[in-house]
Amino acid sequence: MDWMTNFAATSSEWEPDEDLDQGHSGFCSCLEGRMWGTNKPRVHTGFYNNILQTIPIFEEFVDPLLGPDQPPRTLYVVGHSLGAGMSTMATIYFLEKFDWKTLPQKYVNISAGTPRSCKKAMADKMEEKLAELRPLDKAVVCRVVRDEDLVAKVPPRYVHIGKLVFLTEDGEVLVGPKLDDDHIIDEGEMKALCKDNPQLAAVEEAAKEEEVRERGVGDGKEELTSYEKMMKKIPGTLRDHCPDYYLGPLVKLYNRDLE
């Protein structure tokens, strides 16, 4: 897989039972279900072909650990960027194959910088399953998006699944905000959010104070490290996709919760 997988636009029907033996979606799969076939829910062809290569590993090492005869445990599936797209495909596989309502196990998928990978019919199907499983505390699917991250907005004509966790430019963590994919929270909106949520205002102030301490800002001049100087040269839409730009706010939030 490479970055071009993020921007590819072709889709294929989700039918691993038919495609596993050949190891790929098949030639002209982008037309199957449109010009012929059964019109099954569709997903991104690139990610689908890669999950077809991964499913045999699931079947050998993961599937045997999920069942009514197995002890309670949580299956975590995580990923960033292309790995995040793959984690979405894994989510579809596991939610489709197992009846989580009757299992003693729980499913959790956390992805960051996730490219879109589902057509609407598939996304609707997954959201329906998640709506049934969430009240039972049997499944959690969250996608973390950092501010301007371009990868979370491509490819066009695809949609996401799961709850949005949005990291603002100032490093605040918002769970489930009512945002579209192109929306960026500006300073005015952040002030409005802080006004309605005093706890968020306190978190924002603490984050600013910590940033001042870290950068040694006391005389009005920022003392940036060589790494920070390099990162500032990268356009924000690409810089916000970097793993450390995701981890930083989450680590700070984790450390504050420990205090």
# chains A, B, ... in the order shown; residues from 1 in each chain; ligands from 1

$ select_by_dssp --residues "stretch 7-57 of chain A" --states "alpha helix (DSSP H)" --output "list in words"
Phe7, Pro16, Asp17, Glu18, Asp19, Thr45, Gly46, Phe47, Tyr48, Asn49, Asn50, Ile51, Leu52, Gln53, Thr54, Ile55, Pro56 and Ile57 of chain A

$ write_last_selection --atoms "all heavy atoms" --output "short mmCIF file (atom, residue, chain, number, x, y, z; two decimals), in the first residue's frame"
data_model
loop_
_atom_site.label_atom_id
_atom_site.label_comp_id
_atom_site.auth_asym_id
_atom_site.auth_seq_id
_atom_site.Cartn_x
_atom_site.Cartn_y
_atom_site.Cartn_z
N PHE A 7 -5.97 8.18 -2.40
CA PHE A 7 -6.62 9.05 -3.37
C PHE A 7 -7.33 8.28 -4.48
O PHE A 7 -8.01 8.87 -5.31
CB PHE A 7 -5.59 10.00 -3.97
CG PHE A 7 -4.98 10.93 -2.95
CD1 PHE A 7 -3.79 10.61 -2.31
CD2 PHE A 7 -5.61 12.11 -2.61
CE1 PHE A 7 -3.24 11.46 -1.36
CE2 PHE A 7 -5.07 12.97 -1.66
CZ PHE A 7 -3.88 12.63 -1.03
N PRO A 16 -16.13 -11.00 0.67
CA PRO A 16 -14.91 -11.78 0.93
C PRO A 16 -15.09 -13.28 0.76
O PRO A 16 -14.13 -13.97 0.38
CB PRO A 16 -14.57 -11.42 2.38
CG PRO A 16 -15.84 -10.88 2.96
CD PRO A 16 -16.55 -10.22 1.84
N ASP A 17 -16.28 -13.80 1.01
CA ASP A 17 -16.48 -15.24 0.83
C ASP A 17 -16.22 -15.66 -0.61
O ASP A 17 -15.78 -16.79 -0.86
CB ASP A 17 -17.91 -15.63 1.23
CG ASP A 17 -18.14 -15.52 2.73
OD1 ASP A 17 -17.14 -15.48 3.47
OD2 ASP A 17 -19.31 -15.46 3.14
N GLU A 18 -16.49 -14.76 -1.55
CA GLU A 18 -16.28 -15.08 -2.96
C GLU A 18 -14.88 -14.71 -3.43
O GLU A 18 -14.37 -15.31 -4.39
CB GLU A 18 -17.32 -14.34 -3.81
CG GLU A 18 -18.76 -14.75 -3.51
CD GLU A 18 -19.76 -14.01 -4.39
OE1 GLU A 18 -19.37 -13.58 -5.50
OE2 GLU A 18 -20.91 -13.85 -3.96
N ASP A 19 -14.24 -13.72 -2.78
CA ASP A 19 -12.97 -13.20 -3.28
C ASP A 19 -11.74 -13.72 -2.56
O ASP A 19 -10.62 -13.54 -3.03
CB ASP A 19 -12.97 -11.66 -3.18
CG ASP A 19 -13.99 -11.03 -4.12
OD1 ASP A 19 -14.29 -11.64 -5.16
OD2 ASP A 19 -14.48 -9.93 -3.79
N THR A 45 -11.70 -0.07 -3.16
CA THR A 45 -11.07 -1.26 -3.74
C THR A 45 -9.68 -1.52 -3.18
O THR A 45 -9.32 -2.66 -2.87
CB THR A 45 -10.99 -1.13 -5.28
OG1 THR A 45 -12.31 -1.01 -5.81
CG2 THR A 45 -10.33 -2.37 -5.90
N GLY A 46 -8.86 -0.47 -3.04
CA GLY A 46 -7.50 -0.66 -2.54
C GLY A 46 -7.46 -1.24 -1.15
O GLY A 46 -6.74 -2.20 -0.87
N PHE A 47 -8.27 -0.69 -0.24
CA PHE A 47 -8.30 -1.21 1.12
C PHE A 47 -8.94 -2.60 1.16
O PHE A 47 -8.52 -3.46 1.94
CB PHE A 47 -9.08 -0.25 2.03
CG PHE A 47 -8.37 1.05 2.26
CD1 PHE A 47 -8.96 2.25 1.93
CD2 PHE A 47 -7.10 1.08 2.81
CE1 PHE A 47 -8.31 3.45 2.14
CE2 PHE A 47 -6.43 2.27 3.03
CZ PHE A 47 -7.04 3.46 2.69
N TYR A 48 -9.93 -2.82 0.31
CA TYR A 48 -10.58 -4.13 0.27
C TYR A 48 -9.60 -5.22 -0.17
O TYR A 48 -9.53 -6.29 0.43
CB TYR A 48 -11.77 -4.08 -0.67
CG TYR A 48 -12.51 -5.39 -0.83
CD1 TYR A 48 -13.05 -6.04 0.26
CD2 TYR A 48 -12.67 -5.96 -2.10
CE1 TYR A 48 -13.73 -7.25 0.12
CE2 TYR A 48 -13.34 -7.16 -2.25
CZ TYR A 48 -13.88 -7.80 -1.15
OH TYR A 48 -14.54 -9.00 -1.30
N ASN A 49 -8.82 -4.94 -1.22
CA ASN A 49 -7.84 -5.92 -1.68
C ASN A 49 -6.82 -6.24 -0.61
O ASN A 49 -6.35 -7.39 -0.49
CB ASN A 49 -7.14 -5.42 -2.95
CG ASN A 49 -8.00 -5.58 -4.19
OD1 ASN A 49 -8.85 -6.47 -4.26
ND2 ASN A 49 -7.80 -4.73 -5.17
N ASN A 50 -6.45 -5.25 0.18
CA ASN A 50 -5.47 -5.50 1.23
C ASN A 50 -6.06 -6.27 2.40
O ASN A 50 -5.38 -7.11 3.00
CB ASN A 50 -4.88 -4.16 1.71
CG ASN A 50 -3.76 -3.69 0.81
OD1 ASN A 50 -2.61 -4.08 0.97
ND2 ASN A 50 -4.09 -2.85 -0.15
N ILE A 51 -7.33 -6.03 2.73
CA ILE A 51 -7.93 -6.79 3.82
C ILE A 51 -8.13 -8.24 3.40
O ILE A 51 -8.09 -9.16 4.22
CB ILE A 51 -9.25 -6.16 4.31
CG1 ILE A 51 -9.57 -6.64 5.75
CG2 ILE A 51 -10.42 -6.52 3.40
CD1 ILE A 51 -8.58 -6.16 6.78
N LEU A 52 -8.33 -8.49 2.11
CA LEU A 52 -8.44 -9.86 1.63
C LEU A 52 -7.15 -10.63 1.87
O LEU A 52 -7.17 -11.85 2.11
CB LEU A 52 -8.78 -9.88 0.13
CG LEU A 52 -10.21 -9.46 -0.24
CD1 LEU A 52 -10.35 -9.39 -1.77
CD2 LEU A 52 -11.24 -10.43 0.33
N GLN A 53 -6.00 -9.93 1.83
CA GLN A 53 -4.73 -10.57 2.13
C GLN A 53 -4.54 -10.78 3.64
O GLN A 53 -3.75 -11.63 4.06
CB GLN A 53 -3.58 -9.70 1.60
CG GLN A 53 -3.58 -9.50 0.10
CD GLN A 53 -3.30 -10.80 -0.64
OE1 GLN A 53 -2.40 -11.56 -0.25
NE2 GLN A 53 -4.04 -11.06 -1.70
N THR A 54 -5.27 -10.01 4.43
CA THR A 54 -5.11 -10.05 5.89
C THR A 54 -6.09 -11.01 6.56
O THR A 54 -5.79 -11.58 7.62
CB THR A 54 -5.30 -8.64 6.48
OG1 THR A 54 -4.49 -7.71 5.75
CG2 THR A 54 -4.92 -8.59 7.94
N ILE A 55 -7.25 -11.22 5.97
CA ILE A 55 -8.28 -12.06 6.58
C ILE A 55 -7.78 -13.46 6.93
O ILE A 55 -8.11 -13.99 8.01
CB ILE A 55 -9.53 -12.12 5.68
CG1 ILE A 55 -10.29 -10.78 5.77
CG2 ILE A 55 -10.45 -13.27 6.07
CD1 ILE A 55 -11.49 -10.68 4.83
N PRO A 56 -6.97 -14.12 6.07
CA PRO A 56 -6.46 -15.44 6.48
C PRO A 56 -5.67 -15.40 7.79
O PRO A 56 -5.69 -16.37 8.56
CB PRO A 56 -5.56 -15.83 5.30
CG PRO A 56 -6.17 -15.13 4.12
CD PRO A 56 -6.62 -13.81 4.67
N ILE A 57 -4.98 -14.28 8.06
CA ILE A 57 -4.26 -14.13 9.33
C ILE A 57 -5.25 -14.01 10.48
O ILE A 57 -5.07 -14.61 11.55
CB ILE A 57 -3.33 -12.90 9.28
CG1 ILE A 57 -2.31 -13.07 8.13
CG2 ILE A 57 -2.60 -12.72 10.61
CD1 ILE A 57 -1.44 -11.85 7.92
#

$ closest_residue --among "A:Lys129, A:Lys153, A:Arg134, A:Arg42" --to "A:Lys97" --atoms "only C-alpha atoms"
A:Lys129

$ atom_distance --atom1 "atom CA of A:Arg73" --atom2 "atom CA of A:Asp137"
12.5 Å

$ closest_residue --among "A:Ala9, A:Leu95, A:Val141, A:Leu103" --to "A:Val43" --atoms "only C-alpha atoms"
A:Ala9

$ residues_around --residues "A:Asp240" --least-positions-apart "4" --cutoff "9 Å" --atoms "only C-alpha atoms" --output "list in words"
Gly113, Val145, Arg146, Asp147, Glu148, Asp149, Leu150, Glu169, Pro235, Gly236, Asp244, Tyr245 and Tyr246 of chain A

$ closest_residue --among "A:Ile110, A:Phe58, A:Lys125, A:Ala139" --to "A:Leu164" --atoms "only C-alpha atoms"
A:Ile110

$ closest_residue --among "A:Val159, A:Asn255, A:Ser11, A:Cys242" --to "A:Cys28" --atoms "only C-alpha atoms"
A:Ser11

$ atom_distance --atom1 "atom CA of A:Asp124" --atom2 "atom CA of A:Gly85"
17.1 Å

$ residues_around --residues "A:Leu136" --least-positions-apart "6" --cutoff "10 Å" --atoms "only C-alpha atoms" --output "list in words"
Trp100, Lys101, Lys106 and Leu130 of chain A

$ write_last_selection --atoms "N, CA, C and O atoms" --output "PDB file, in the first residue's frame"
ATOM      1  N   TRP A 100     -21.774 -10.109  18.039  1.00  0.00           N
ATOM      2  CA  TRP A 100     -21.179  -9.574  19.257  1.00  0.00           C
ATOM      3  C   TRP A 100     -22.182  -9.459  20.405  1.00  0.00           C
ATOM      4  O   TRP A 100     -21.785  -9.409  21.580  1.00  0.00           O
ATOM      5  N   LYS A 101     -23.456  -9.438  20.109  1.00  0.00           N
ATOM      6  CA  LYS A 101     -24.466  -9.351  21.165  1.00  0.00           C
ATOM      7  C   LYS A 101     -24.455 -10.592  22.055  1.00  0.00           C
ATOM      8  O   LYS A 101     -24.828 -10.527  23.225  1.00  0.00           O
ATOM      9  N   LYS A 106     -15.608  -8.009  23.538  1.00  0.00           N
ATOM     10  CA  LYS A 106     -15.966  -6.654  23.125  1.00  0.00           C
ATOM     11  C   LYS A 106     -15.024  -6.214  22.007  1.00  0.00           C
ATOM     12  O   LYS A 106     -13.852  -6.598  21.976  1.00  0.00           O
ATOM     13  N   LEU A 130     -23.622  -0.794  14.890  1.00  0.00           N
ATOM     14  CA  LEU A 130     -23.037  -0.114  16.049  1.00  0.00           C
ATOM     15  C   LEU A 130     -24.114   0.462  16.954  1.00  0.00           C
ATOM     16  O   LEU A 130     -23.953   0.476  18.181  1.00  0.00           O
TER      17      LEU A 130
END
